[in-house]
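> final_2.tsv is reproduced in full below (TSV, C-alpha atoms and all ligand atoms).
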```
chain	number	residue	atom	x	y	z
A	230	MET	CA	0.00	0.00	0.00
A	231	ASN	CA	1.71	3.24	-1.16
A	232	LEU	CA	-0.96	5.60	0.08
A	233	THR	CA	-0.70	6.79	3.68
A	234	ASN	CA	-3.42	4.94	5.51
A	235	PHE	CA	-5.14	6.91	8.23
A	236	MET	CA	-7.68	4.23	8.98
A	237	PRO	CA	-7.32	2.34	12.25
A	238	VAL	CA	-6.39	-1.32	12.05
A	239	LEU	CA	-9.04	-3.98	12.63
A	240	ARG	CA	-8.08	-6.41	15.40
A	241	ILE	CA	-9.79	-9.77	15.71
A	242	GLY	CA	-7.95	-11.54	18.53
A	243	ASN	CA	-4.35	-11.86	17.31
A	244	LEU	CA	-5.29	-11.04	13.70
A	245	GLU	CA	-4.59	-7.52	12.56
A	246	ALA	CA	-5.96	-6.19	9.28
A	247	LYS	CA	-4.14	-3.01	8.17
A	248	ILE	CA	-7.38	-1.51	6.95
A	249	PRO	CA	-10.70	-2.14	8.76
A	250	ILE	CA	-12.49	-3.49	5.70
A	251	ILE	CA	-13.85	-7.00	5.27
A	252	GLN	CA	-14.91	-7.84	1.72
A	253	GLY	CA	-18.29	-9.51	2.18
A	254	GLY	CA	-18.47	-13.13	1.05
A	255	MET	CA	-20.47	-13.55	-2.16
A	256	SER	CA	-21.48	-17.07	-3.01
A	257	VAL	CA	-21.97	-19.03	-6.21
A	258	GLY	CA	-18.47	-18.07	-7.28
A	259	ILE	CA	-18.66	-14.27	-7.09
A	260	SER	CA	-15.93	-13.95	-4.45
A	261	LEU	CA	-13.33	-16.67	-4.85
A	262	SER	CA	-9.54	-16.65	-4.62
A	263	ASN	CA	-9.04	-13.83	-7.12
A	264	LEU	CA	-11.11	-11.16	-5.37
A	265	SER	CA	-10.33	-12.29	-1.83
A	266	SER	CA	-6.56	-12.35	-2.38
A	267	ALA	CA	-6.64	-8.91	-4.05
A	268	VAL	CA	-8.44	-7.45	-1.01
A	269	ALA	CA	-6.07	-9.22	1.40
A	270	ASN	CA	-3.08	-7.85	-0.54
A	271	GLU	CA	-4.39	-4.32	0.07
A	272	GLY	CA	-4.51	-4.93	3.81
A	273	GLY	CA	-8.21	-5.82	4.16
A	274	ILE	CA	-9.81	-9.19	4.84
A	275	GLY	CA	-10.69	-11.09	1.64
A	276	VAL	CA	-13.57	-13.54	1.93
A	277	ILE	CA	-14.40	-16.55	-0.24
A	278	GLY	CA	-18.14	-17.27	-0.56
A	279	SER	CA	-18.65	-21.01	-0.10
A	280	ALA	CA	-22.26	-21.74	-1.15
A	281	GLY	CA	-22.38	-23.55	-4.49
A	282	ILE	CA	-18.59	-23.31	-4.77
A	283	GLY	CA	-18.32	-26.80	-6.29
A	284	MET	CA	-20.45	-25.96	-9.32
A	285	PHE	CA	-17.56	-26.43	-11.76
A	286	GLU	CA	-16.53	-29.78	-10.36
A	287	GLU	CA	-17.46	-32.71	-12.59
A	288	ASP	CA	-19.38	-34.57	-9.89
A	289	PHE	CA	-21.38	-31.55	-8.64
A	290	ASN	CA	-24.77	-32.99	-9.64
A	291	LYS	CA	-23.92	-36.45	-8.32
A	292	ASN	CA	-22.14	-35.63	-5.12
A	293	TYR	CA	-22.42	-31.95	-4.39
A	294	LYS	CA	-21.05	-32.21	-0.85
A	295	GLU	CA	-17.73	-33.70	-2.01
A	296	ALA	CA	-17.60	-31.26	-4.94
A	297	ASN	CA	-18.11	-28.27	-2.63
A	298	LYS	CA	-15.52	-29.49	-0.14
A	299	ARG	CA	-12.91	-30.07	-2.86
A	300	ALA	CA	-13.57	-26.74	-4.55
A	301	LEU	CA	-13.42	-24.80	-1.26
A	302	ARG	CA	-10.09	-26.41	-0.38
A	303	LYS	CA	-8.72	-25.49	-3.82
A	304	GLU	CA	-9.89	-21.88	-3.59
A	305	ILE	CA	-8.42	-21.40	-0.12
A	306	ARG	CA	-5.07	-22.79	-1.34
A	307	ARG	CA	-5.17	-20.61	-4.48
A	308	ALA	CA	-5.86	-17.53	-2.37
A	309	ARG	CA	-2.98	-18.45	-0.03
A	310	GLU	CA	-0.61	-18.75	-3.02
A	311	ARG	CA	-1.49	-15.19	-4.03
A	312	THR	CA	-1.35	-13.42	-0.68
A	313	ASP	CA	0.15	-13.45	2.77
A	314	GLY	CA	-2.80	-11.35	3.92
A	315	ILE	CA	-5.92	-12.35	5.84
A	316	ILE	CA	-8.33	-14.77	4.15
A	317	GLY	CA	-11.80	-15.69	5.39
A	318	VAL	CA	-14.59	-17.98	4.26
A	319	ASN	CA	-18.30	-17.17	4.39
A	320	ILE	CA	-20.39	-20.23	5.28
A	321	MET	CA	-24.12	-19.67	5.55
A	322	VAL	CA	-25.81	-21.47	8.45
A	323	ALA	CA	-28.69	-22.28	6.09
A	324	LEU	CA	-26.49	-24.59	3.98
A	325	THR	CA	-27.10	-28.32	4.34
A	326	ASP	CA	-23.31	-28.83	4.18
A	327	PHE	CA	-22.42	-26.16	6.78
A	328	ASP	CA	-20.53	-28.66	8.99
A	329	ASP	CA	-18.55	-30.10	6.07
A	330	LEU	CA	-17.49	-26.68	4.79
A	331	LEU	CA	-16.54	-25.48	8.28
A	332	LYS	CA	-14.34	-28.56	8.67
A	333	VAL	CA	-12.52	-27.76	5.40
A	334	ALA	CA	-12.02	-24.12	6.45
A	335	VAL	CA	-10.61	-25.18	9.83
A	336	ASP	CA	-8.41	-27.92	8.28
A	337	GLU	CA	-7.00	-25.35	5.88
A	338	GLU	CA	-6.41	-22.98	8.81
A	339	VAL	CA	-8.30	-20.18	7.18
A	340	ASP	CA	-8.01	-17.03	9.32
A	341	VAL	CA	-11.70	-16.39	9.86
A	342	VAL	CA	-15.11	-17.93	9.18
A	343	LEU	CA	-18.09	-15.58	8.85
A	344	SER	CA	-21.50	-17.08	9.14
A	345	GLY	CA	-25.00	-15.67	8.71
A	346	ALA	CA	-28.34	-16.57	7.06
A	347	GLY	CA	-29.38	-18.28	10.28
A	348	LEU	CA	-27.96	-18.37	13.80
A	349	PRO	CA	-24.63	-20.20	14.15
A	350	LEU	CA	-25.53	-22.03	17.37
A	351	LYS	CA	-24.74	-25.70	16.81
A	352	ILE	CA	-21.07	-25.82	15.88
A	353	PRO	CA	-19.36	-29.22	15.52
A	354	VAL	CA	-17.26	-29.77	18.67
A	355	GLU	CA	-14.11	-30.55	16.63
A	356	TYR	CA	-14.08	-26.87	15.70
A	357	PHE	CA	-13.27	-25.93	19.28
A	358	GLU	CA	-10.27	-28.28	19.35
A	359	ASN	CA	-8.51	-26.08	16.80
A	360	ARG	CA	-9.30	-22.48	17.53
A	361	ARG	CA	-6.77	-20.97	15.13
A	362	THR	CA	-9.67	-20.05	12.88
A	363	LYS	CA	-11.69	-17.12	14.21
A	364	PHE	CA	-15.49	-17.30	14.06
A	365	ILE	CA	-17.67	-14.26	13.37
A	366	PRO	CA	-21.46	-14.58	13.24
A	367	ILE	CA	-23.37	-12.19	10.97
A	368	VAL	CA	-26.49	-10.87	12.72
A	369	SER	CA	-29.25	-8.38	11.98
A	370	SER	CA	-30.42	-7.72	15.54
A	371	ALA	CA	-29.17	-7.39	19.11
A	372	LYS	CA	-31.50	-10.26	20.05
A	373	ALA	CA	-29.67	-12.59	17.67
A	374	ALA	CA	-26.26	-11.50	19.01
A	375	ASP	CA	-27.43	-12.05	22.60
A	376	LEU	CA	-28.82	-15.49	21.79
A	377	ILE	CA	-25.59	-16.59	20.12
A	378	LEU	CA	-23.45	-15.25	22.97
A	379	ARG	CA	-25.57	-16.97	25.62
A	380	TYR	CA	-25.69	-20.25	23.69
A	381	TRP	CA	-21.93	-20.33	23.00
A	382	GLU	CA	-21.08	-19.45	26.60
A	383	ARG	CA	-23.35	-22.18	27.95
A	384	SER	CA	-22.53	-24.87	25.38
A	385	TYR	CA	-18.86	-24.28	24.58
A	386	GLY	CA	-17.57	-22.09	27.41
A	387	GLU	CA	-16.44	-19.66	24.70
A	388	ILE	CA	-17.73	-16.65	22.83
A	389	PRO	CA	-17.39	-15.72	19.15
A	390	ASP	CA	-14.42	-13.57	18.07
A	391	GLY	CA	-16.54	-10.72	16.75
A	392	PHE	CA	-19.84	-9.87	15.09
A	393	VAL	CA	-20.84	-8.46	11.74
A	394	VAL	CA	-24.06	-6.44	12.06
A	395	GLU	CA	-25.81	-6.43	8.70
A	396	GLY	CA	-28.45	-3.77	8.12
A	397	PRO	CA	-31.35	-3.67	5.66
A	398	MET	CA	-29.44	-1.98	2.81
A	399	ALA	CA	-27.26	-5.04	2.19
A	400	GLY	CA	-27.36	-7.21	-0.90
A	401	GLY	CA	-28.54	-10.81	-1.00
A	402	HIS	CA	-30.71	-12.39	1.67
A	403	LEU	CA	-31.80	-10.01	4.41
A	404	GLY	CA	-32.43	-10.85	8.05
A	405	PHE	CA	-35.51	-8.63	8.23
A	406	LYS	CA	-39.22	-8.86	7.58
A	407	LYS	CA	-40.25	-7.01	4.42
A	408	ASP	CA	-41.98	-4.20	6.33
A	409	GLN	CA	-38.89	-3.60	8.48
A	410	ILE	CA	-36.57	-2.91	5.52
A	411	ASP	CA	-37.52	0.77	5.13
A	412	ASP	CA	-38.47	1.30	8.77
A	413	PRO	CA	-35.90	3.71	10.32
A	414	ARG	CA	-36.09	1.80	13.61
A	415	TYR	CA	-34.21	-1.01	11.84
A	416	SER	CA	-31.54	1.21	10.30
A	417	LEU	CA	-27.96	-0.04	10.48
A	418	GLU	CA	-27.10	2.87	12.80
A	419	ASN	CA	-29.78	1.75	15.28
A	420	ILE	CA	-29.09	-1.98	15.25
A	421	LEU	CA	-25.34	-1.33	15.47
A	422	GLN	CA	-25.87	0.65	18.71
A	423	ALA	CA	-28.03	-2.11	20.17
A	424	VAL	CA	-25.53	-4.86	19.28
A	425	LEU	CA	-22.65	-2.80	20.68
A	426	MET	CA	-24.44	-2.59	24.02
A	427	ILE	CA	-24.91	-6.36	24.27
A	428	VAL	CA	-21.39	-7.16	23.09
A	429	GLU	CA	-19.83	-4.65	25.49
A	430	ARG	CA	-21.37	-6.61	28.41
A	431	TYR	CA	-19.79	-9.89	27.30
A	432	SER	CA	-16.55	-8.18	26.40
A	433	ARG	CA	-16.19	-6.93	29.99
A	434	LYS	CA	-17.24	-10.26	31.48
A	435	HIS	CA	-14.66	-12.18	29.42
A	436	SER	CA	-12.02	-9.42	29.54
A	437	ARG	CA	-11.76	-9.66	25.76
A	438	GLU	CA	-12.19	-7.25	22.89
A	439	ILE	CA	-15.05	-8.37	20.63
A	440	PRO	CA	-15.00	-6.25	17.47
A	441	VAL	CA	-18.36	-5.30	15.99
A	442	ILE	CA	-18.29	-4.74	12.24
A	443	ALA	CA	-20.99	-2.79	10.38
A	444	ALA	CA	-22.37	-3.91	7.00
A	445	GLY	CA	-25.06	-3.03	4.51
A	446	GLY	CA	-25.07	0.02	2.25
A	447	ILE	CA	-21.62	1.25	3.22
A	448	TYR	CA	-20.34	2.85	0.04
A	449	THR	CA	-17.71	5.56	0.62
A	450	GLY	CA	-14.75	6.21	2.88
A	451	GLU	CA	-16.93	8.88	4.52
A	452	ASP	CA	-19.49	6.16	5.36
A	453	ILE	CA	-16.72	4.05	6.88
A	454	TYR	CA	-15.67	7.00	9.05
A	455	GLU	CA	-19.27	7.58	10.22
A	456	PHE	CA	-19.83	3.96	11.24
A	457	MET	CA	-16.52	3.76	13.04
A	458	LYS	CA	-17.39	6.95	14.88
A	459	LEU	CA	-20.54	5.19	16.05
A	460	GLY	CA	-18.41	2.46	17.59
A	461	ALA	CA	-17.87	-0.10	14.82
A	462	SER	CA	-14.35	-1.58	14.70
A	463	GLY	CA	-14.60	-2.01	10.96
A	464	VAL	CA	-16.97	-2.48	8.04
A	465	GLN	CA	-17.97	-5.29	5.73
A	466	MET	CA	-18.62	-4.26	2.13
A	467	ALA	CA	-19.69	-6.44	-0.79
A	468	THR	CA	-21.54	-4.45	-3.47
A	469	ARG	CA	-18.60	-2.12	-4.14
A	470	PHE	CA	-16.28	-5.04	-4.79
A	471	VAL	CA	-18.42	-6.47	-7.60
A	472	ALA	CA	-17.43	-3.96	-10.30
A	473	THR	CA	-13.72	-4.58	-9.81
A	474	TYR	CA	-11.49	-6.30	-12.37
A	475	GLU	CA	-10.57	-8.88	-9.75
A	476	CYS	CA	-14.14	-9.92	-8.83
A	477	ASP	CA	-14.62	-13.55	-9.87
A	478	ALA	CA	-18.01	-13.00	-11.61
A	479	SER	CA	-18.45	-12.59	-15.39
A	480	MET	CA	-18.24	-9.20	-17.12
A	481	GLU	CA	-22.01	-9.39	-17.84
A	482	PHE	CA	-22.70	-9.70	-14.11
A	483	LYS	CA	-20.49	-6.68	-13.35
A	484	MET	CA	-22.16	-4.69	-16.16
A	485	ALA	CA	-25.58	-5.40	-14.59
A	486	TYR	CA	-24.30	-3.41	-11.60
A	487	ILE	CA	-22.89	-0.59	-13.71
A	488	ASN	CA	-26.12	-0.29	-15.72
A	489	ALA	CA	-28.51	-0.59	-12.75
A	490	LYS	CA	-30.72	2.41	-11.94
A	491	LYS	CA	-32.07	3.11	-8.45
A	492	ASP	CA	-35.50	1.69	-9.35
A	493	ASP	CA	-33.92	-1.55	-10.57
A	494	LEU	CA	-32.96	-2.52	-7.03
A	495	ILE	CA	-35.89	-4.48	-5.74
A	496	ILE	CA	-36.85	-6.69	-2.83
A	497	ILE	CA	-37.83	-10.23	-3.75
A	498	ASP	CA	-39.28	-13.14	-1.80
A	499	SER	CA	-36.53	-15.70	-2.00
A	500	PRO	CA	-37.57	-19.39	-2.12
A	501	VAL	CA	-35.42	-19.71	1.00
A	502	GLY	CA	-38.13	-17.92	2.95
A	503	LEU	CA	-36.29	-14.62	3.42
A	504	PRO	CA	-36.54	-11.34	1.54
A	505	GLY	CA	-33.58	-10.58	-0.69
A	506	ARG	CA	-32.32	-7.53	-2.59
A	507	ALA	CA	-31.58	-8.00	-6.27
A	508	ILE	CA	-31.37	-6.20	-9.61
A	509	ARG	CA	-34.64	-6.41	-11.55
A	510	SER	CA	-34.42	-8.77	-14.53
A	511	GLU	CA	-36.75	-10.38	-17.06
A	512	PHE	CA	-36.47	-13.57	-15.02
A	513	LEU	CA	-37.66	-11.83	-11.85
A	514	ASP	CA	-40.45	-10.04	-13.74
A	515	ASP	CA	-41.66	-13.45	-15.00
A	516	VAL	CA	-41.58	-14.90	-11.49
A	517	ALA	CA	-43.48	-11.86	-10.14
A	518	LYS	CA	-46.18	-12.56	-12.76
A	519	GLY	CA	-46.52	-16.09	-11.39
A	520	LYS	CA	-44.47	-17.95	-14.03
A	521	ARG	CA	-42.67	-21.05	-12.86
A	522	LYS	CA	-39.17	-21.97	-13.99
A	523	PRO	CA	-39.09	-25.77	-13.88
A	524	PHE	CA	-35.96	-27.36	-12.43
A	525	ARG	CA	-34.65	-30.54	-10.88
A	526	CYS	CA	-33.17	-30.31	-7.41
A	527	PHE	CA	-30.15	-32.58	-7.15
A	528	TRP	CA	-28.99	-31.70	-3.70
A	529	LYS	CA	-31.28	-29.42	-1.62
A	530	CYS	CA	-28.46	-27.00	-0.81
A	531	LEU	CA	-30.44	-24.84	1.64
A	532	LYS	CA	-32.10	-26.28	4.73
A	533	SER	CA	-35.14	-24.01	4.51
A	534	CYS	CA	-35.80	-24.29	0.74
A	535	ASP	CA	-39.08	-26.01	-0.03
A	536	PHE	CA	-37.96	-27.00	-3.51
A	537	ARG	CA	-41.22	-28.80	-4.37
A	538	LYS	CA	-43.19	-25.58	-4.01
A	539	SER	CA	-40.53	-23.13	-5.15
A	540	PRO	CA	-41.19	-21.48	-8.55
A	541	TYR	CA	-37.48	-21.63	-9.43
A	542	CYS	CA	-34.15	-22.84	-8.10
A	543	ILE	CA	-32.32	-19.93	-6.50
A	544	ALA	CA	-28.92	-21.64	-6.73
A	545	ASP	CA	-29.38	-22.13	-10.51
A	546	ALA	CA	-30.69	-18.58	-11.01
A	547	LEU	CA	-27.78	-16.97	-9.13
A	548	THR	CA	-25.21	-19.24	-10.77
A	549	ASN	CA	-26.57	-18.45	-14.26
A	550	ALA	CA	-26.33	-14.72	-13.56
A	551	LYS	CA	-22.84	-14.97	-12.10
A	552	GLY	CA	-21.73	-16.75	-15.28
A	553	GLY	CA	-23.24	-14.08	-17.54
A	554	ASN	CA	-26.62	-15.65	-18.36
A	555	LEU	CA	-28.84	-12.99	-16.81
A	556	LYS	CA	-31.79	-14.06	-18.98
A	557	ASP	CA	-32.12	-17.20	-16.85
A	558	GLY	CA	-31.29	-15.68	-13.52
A	559	PHE	CA	-30.66	-12.52	-11.53
A	560	ALA	CA	-27.97	-10.72	-9.58
A	561	PHE	CA	-28.17	-10.05	-5.87
A	562	ALA	CA	-26.98	-6.50	-5.07
A	563	GLY	CA	-26.97	-3.96	-2.26
A	564	ALA	CA	-29.22	-0.86	-2.21
A	565	ASN	CA	-26.33	1.36	-3.39
A	566	ALA	CA	-25.39	-0.71	-6.45
A	567	TYR	CA	-26.93	1.94	-8.74
A	568	ARG	CA	-24.21	4.40	-7.65
A	569	ILE	CA	-21.51	2.32	-9.33
A	570	SER	CA	-20.66	3.77	-12.74
A	571	LYS	CA	-17.36	2.18	-13.72
A	572	MET	CA	-15.01	-0.71	-13.27
A	573	MET	CA	-11.91	-0.23	-11.16
A	574	SER	CA	-9.19	-2.29	-9.57
A	575	VAL	CA	-9.35	-3.33	-5.93
A	576	LYS	CA	-6.26	-1.16	-5.37
A	577	GLU	CA	-8.02	1.91	-6.81
A	578	LEU	CA	-11.16	1.22	-4.81
A	579	ILE	CA	-9.29	0.86	-1.52
A	580	ALA	CA	-7.28	4.02	-2.26
A	581	GLU	CA	-10.55	5.91	-2.90
A	582	LEU	CA	-12.00	4.61	0.38
A	583	ILE	CA	-8.90	5.62	2.33
A	584	ARG	CA	-9.00	9.13	0.80
A	585	GLY	CA	-12.71	9.48	1.63
A	586	TYR	CA	-12.13	8.31	5.19
A	587	GLU	CA	-9.29	10.78	5.67
A	588	LYS	CA	-11.32	13.68	4.24
A	589	ALA	CA	-14.20	12.91	6.64
A	590	ARG	CA	-11.79	12.65	9.56
A	591	ARG	CA	-10.16	15.99	8.73
A	592	ASP	CA	-13.52	17.74	8.20
A	593	ASP	CA	-14.68	16.40	11.54
A	594	GLU	CA	-11.52	17.58	13.25
A	595	ASN	CA	-11.85	21.06	11.72
A	596	ILE	CA	-15.44	21.35	12.94
A	597	ARG	CA	-14.40	20.24	16.42
A	598	GLU	CA	-11.56	22.75	16.52
A	599	LYS	CA	-13.91	25.56	15.42
A	600	VAL	CA	-16.47	24.63	18.08
A	601	GLU	CA	-13.77	24.48	20.75
A	602	ALA	CA	-12.35	27.85	19.62
A	603	SER	CA	-15.80	29.49	19.73
A	604	GLN	CA	-16.45	28.01	23.17
A	605	GLY	CA	-13.11	29.45	24.31
A	606	GLU	CA	-14.19	32.90	23.14
A	607	GLU	CA	-17.44	32.79	25.13
B	1	LIG	C1	-23.91	-10.61	-4.94
B	1	LIG	C2	-23.96	-10.81	-3.45
B	1	LIG	C3	-23.85	-12.08	-2.92
B	1	LIG	C4	-23.86	-12.26	-1.53
B	1	LIG	N1	-23.70	-13.53	-1.03
B	1	LIG	C5	-23.64	-13.71	0.31
B	1	LIG	C6	-23.39	-15.01	0.86
B	1	LIG	O1	-23.21	-15.96	0.15
B	1	LIG	N2	-23.38	-15.12	2.21
B	1	LIG	C7	-23.57	-14.06	3.06
B	1	LIG	O2	-23.55	-14.22	4.28
B	1	LIG	N3	-23.80	-12.81	2.56
B	1	LIG	C8	-23.82	-12.63	1.21
B	1	LIG	N4	-23.99	-11.36	0.71
B	1	LIG	C9	-24.01	-10.21	1.66
B	1	LIG	C10	-22.63	-9.55	1.74
B	1	LIG	O3	-21.65	-10.44	2.15
B	1	LIG	C11	-22.56	-8.28	2.58
B	1	LIG	O4	-22.65	-8.51	3.96
B	1	LIG	C12	-23.59	-7.24	2.26
B	1	LIG	O5	-23.95	-7.26	0.91
B	1	LIG	C13	-23.02	-5.87	2.64
B	1	LIG	O6	-23.74	-4.82	2.08
B	1	LIG	P1	-23.23	-4.04	0.76
B	1	LIG	O7	-23.33	-5.03	-0.35
B	1	LIG	O8	-24.18	-2.90	0.65
B	1	LIG	O9	-21.81	-3.61	0.99
B	1	LIG	C14	-24.01	-11.15	-0.66
B	1	LIG	C15	-24.13	-9.87	-1.22
B	1	LIG	C16	-24.09	-9.69	-2.58
B	1	LIG	C17	-24.19	-8.29	-3.14
```
Will you turn the file into structure tokens for me?


Amino acid sequence: MNLTNFMPVLRIGNLEAKIPIIQGGMSVGISLSNLSSAVANEGGIGVIGSAGIGMFEEDFNKNYKEANKRALRKEIRRARERTDGIIGVNIMVALTDFDDLLKVAVDEEVDVVLSGAGLPLKIPVEYFENRRTKFIPIVSSAKAADLILRYWERSYGEIPDGFVVEGPMAGGHLGFKKDQIDDPRYSLENILQAVLMIVERYSRKHSREIPVIAAGGIYTGEDIYEFMKLGASGVQMATRFVATYECDASMEFKMAYINAKKDDLIIIDSPVGLPGRAIRSEFLDDVAKGKRKPFRCFWKCLKSCDFRKSPYCIADALTNAKGGNLKDGFAFAGANAYRISKMMSVKELIAELIRGYEKARRDDENIREKVEASQGEE
């Protein structure tokens, strides 16, 4: 990193990221070794999305669990070859192969596992025998954080290494009811404060720092500054990393972001039973009109998917879009995706974020100095 970095480091136990930015895991092959290693090389935490990661393995339709395990192992090793930085894996709790993927991540001594789309309560005991890998649940409420902390304390005598708090402006599946998404009471600012209060209690009790990381709609360096001022130790950002050269998705997928208008970002009812934010497409318009997209389910990848009733297969639809076939699928995206107007490198993006952060910090300092000076005159 050539640019002077004024951002504070992000500490997760003995891990220290030079910049407090986690690149959010994006499944079905959107964030693999290429994107994650590029982010790690810039001093952030690069995250491999693990759901559907085995889709290019020959035996995916016959033995998806083995295919996913093999592909995850390969991607972690590829990322490690390209960086000495911090690499994480995102494993959704809702996956039917959660335990298998966690085992691979721990075996490969990945630095951190981040886990949302459900509450990470039941963790295979073997995980606790090798605690080199940090574990960070992704939550959307203080209640969820409290439940996880209480459960882990009682069941494992341990607590997680940090929390990501994901607000309603995020991309992909959302941990909110549809009517909560635009309700200011559920804003990221509000839920962050509530989670910080809970975590602070456990942090004191265990005499341990538990970083809380804010996510969902964070777009500029100025945003990063604001959330850190509110008490976050760092941020998780996904949408902004899509239109980078290093992102592992197809050019068509990235162009869907660049071409998206504000109105194109819509909330859908995912077959998984959660709302999700995506870019409007012909496929989604068809589904909204009641059309069904017939499919065969080979593996039931998500615990909560009722594939017999579902009008389409979400794994197929997201995989098609990631590969460039947006006619037969759709792209998940955060509420700010429409603000992206061009492709850039991860290096350029991080440099822009650092500059924005520094500008906000300086502006804030100037205001404070002026207020103090005027108070001195009184
Ligand atoms: C294309 C896309 C795919 C995503 N896939 C996952 C995923 O597999 N697992 C997960 O926990 N979150 C997933 N997310 C959520 C992000 O990791 C991240 O927390 C969130 O999008 C942050 O908000 P932002 O996109 O506004 O920065 C996804 C988001 C996007 C945009």

> Can you tell me which residues come within 9 Å of ligand LIG 1 (chain B) when counting all atoms listed in the file, ideally as a ChimeraX atom specification?

/A:252-257,259-260,276-281,319-322,343-346,367,393-403,443-448,464-471,506-507,547,551,560-566

> Smallest atom-to-atom distance to Ile543 (chain A): which of A:Gly502, A:Gly450, A:Gly275, A:Pro349, using only C-alpha atoms?

A:Gly502

> For a test of reading the model, state the distance in Å between CA of Asn270 (chain A) and CA of Val575 (chain A), rounded to one decimal.

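These atoms are spaced 9.4 Å apart.
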
> Between A:Gly283, A:Gly391, A:Gly463, A:Gly272, single out the one closest to Val428 (chain A), counting all atoms listed in the file.

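Ranked by minimum distance to Val428 (chain A), first place goes to A:Gly391.
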
> Give me the residues within 12 Å of Glu577 (chain A) as a ChimeraX atom specification, counting all atoms listed in the file and dropping any in the same chain fewer than 4 places off.

/A:230-232,267-268,271,469-470,472-475,571-573,581-584

> For the contact check between region 316-366 of chain A and region 370-381 of chain A, emit one row per residue of region 316-366 of chain A within 9 Å, containing the shortest atom pair and the distance in Å rounded to one decimal, counting only C-alpha atoms, chain then rising number order, as a Markdown table.


```
| residue | atom | partner | partner_atom | distance |
| --- | --- | --- | --- | --- |
| A:Leu348 | CA | A:Ile377 | CA | 7.0 |
| A:Pro349 | CA | A:Ile377 | CA | 7.0 |
| A:Leu350 | CA | A:Ile377 | CA | 6.1 |
| A:Lys351 | CA | A:Trp381 | CA | 8.7 |
| A:Pro366 | CA | A:Ala374 | CA | 8.1 |
```

> Report, in Å with one decimal, the straight-line distance from CA of Ile274 (chain A) to CA of Val318 (chain A).

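The value is 10.0 Å.
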
> Every residue with an atom at most 12 Å from (-31.8, -34.3, -5.1) (file coordinates; only C-alpha atoms) is what I'm after, so could you write them as a ChimeraX atom specification?

/A:289-294,524-531,536-537

> Please dump the current selection as a compact mmCIF listing (two decimals), keeping the file's coordinate frame; keep C-alpha atoms.


```
# COMPACT_ATOMS: atom_id res chain seq x y z
CA PHE A 289 -21.38 -31.55 -8.64
CA ASN A 290 -24.77 -32.99 -9.64
CA LYS A 291 -23.92 -36.45 -8.32
CA ASN A 292 -22.14 -35.63 -5.12
CA TYR A 293 -22.42 -31.95 -4.39
CA LYS A 294 -21.05 -32.21 -0.85
CA PHE A 524 -35.96 -27.36 -12.43
CA ARG A 525 -34.65 -30.54 -10.88
CA CYS A 526 -33.17 -30.31 -7.41
CA PHE A 527 -30.15 -32.58 -7.15
CA TRP A 528 -28.99 -31.70 -3.70
CA LYS A 529 -31.28 -29.42 -1.62
CA CYS A 530 -28.46 -27.00 -0.81
CA LEU A 531 -30.44 -24.84 1.64
CA PHE A 536 -37.96 -27.00 -3.51
CA ARG A 537 -41.22 -28.80 -4.37
```

> Suppose you want the space between CA of Pro249 (chain A) and CA of Gly273 (chain A); what is it in Å?

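Atom-to-atom, CA of Pro249 (chain A) to CA of Gly273 (chain A), that is 6.4 Å.
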
> Quick one: residues within 9 Å of Leu239 (chain A), all atoms listed in the file counted, chain neighbours fewer than 5 positions away excluded, as JSON, numbers by chain?

{"A": [244, 245, 246, 247, 248, 249, 250, 273, 440, 462, 463]}

> Export C-alpha atoms of the chosen residues as a PDB file, in the frame of the given file?


```
ATOM      1  CA  LEU A 244      -5.290 -11.040  13.700  1.00  0.00           C
ATOM      2  CA  GLU A 245      -4.590  -7.520  12.560  1.00  0.00           C
ATOM      3  CA  ALA A 246      -5.960  -6.190   9.280  1.00  0.00           C
ATOM      4  CA  LYS A 247      -4.140  -3.010   8.170  1.00  0.00           C
ATOM      5  CA  ILE A 248      -7.380  -1.510   6.950  1.00  0.00           C
ATOM      6  CA  PRO A 249     -10.700  -2.140   8.760  1.00  0.00           C
ATOM      7  CA  ILE A 250     -12.490  -3.490   5.700  1.00  0.00           C
ATOM      8  CA  GLY A 273      -8.210  -5.820   4.160  1.00  0.00           C
ATOM      9  CA  PRO A 440     -15.000  -6.250  17.470  1.00  0.00           C
ATOM     10  CA  SER A 462     -14.350  -1.580  14.700  1.00  0.00           C
ATOM     11  CA  GLY A 463     -14.600  -2.010  10.960  1.00  0.00           C
TER      12      GLY A 463
END
```

> Taking all atoms listed in the file into account, name the residue in A:Ala589, A:Ile439, A:Ile508, A:Leu331 that is nearest to Asn488 (chain A).

A:Ile508
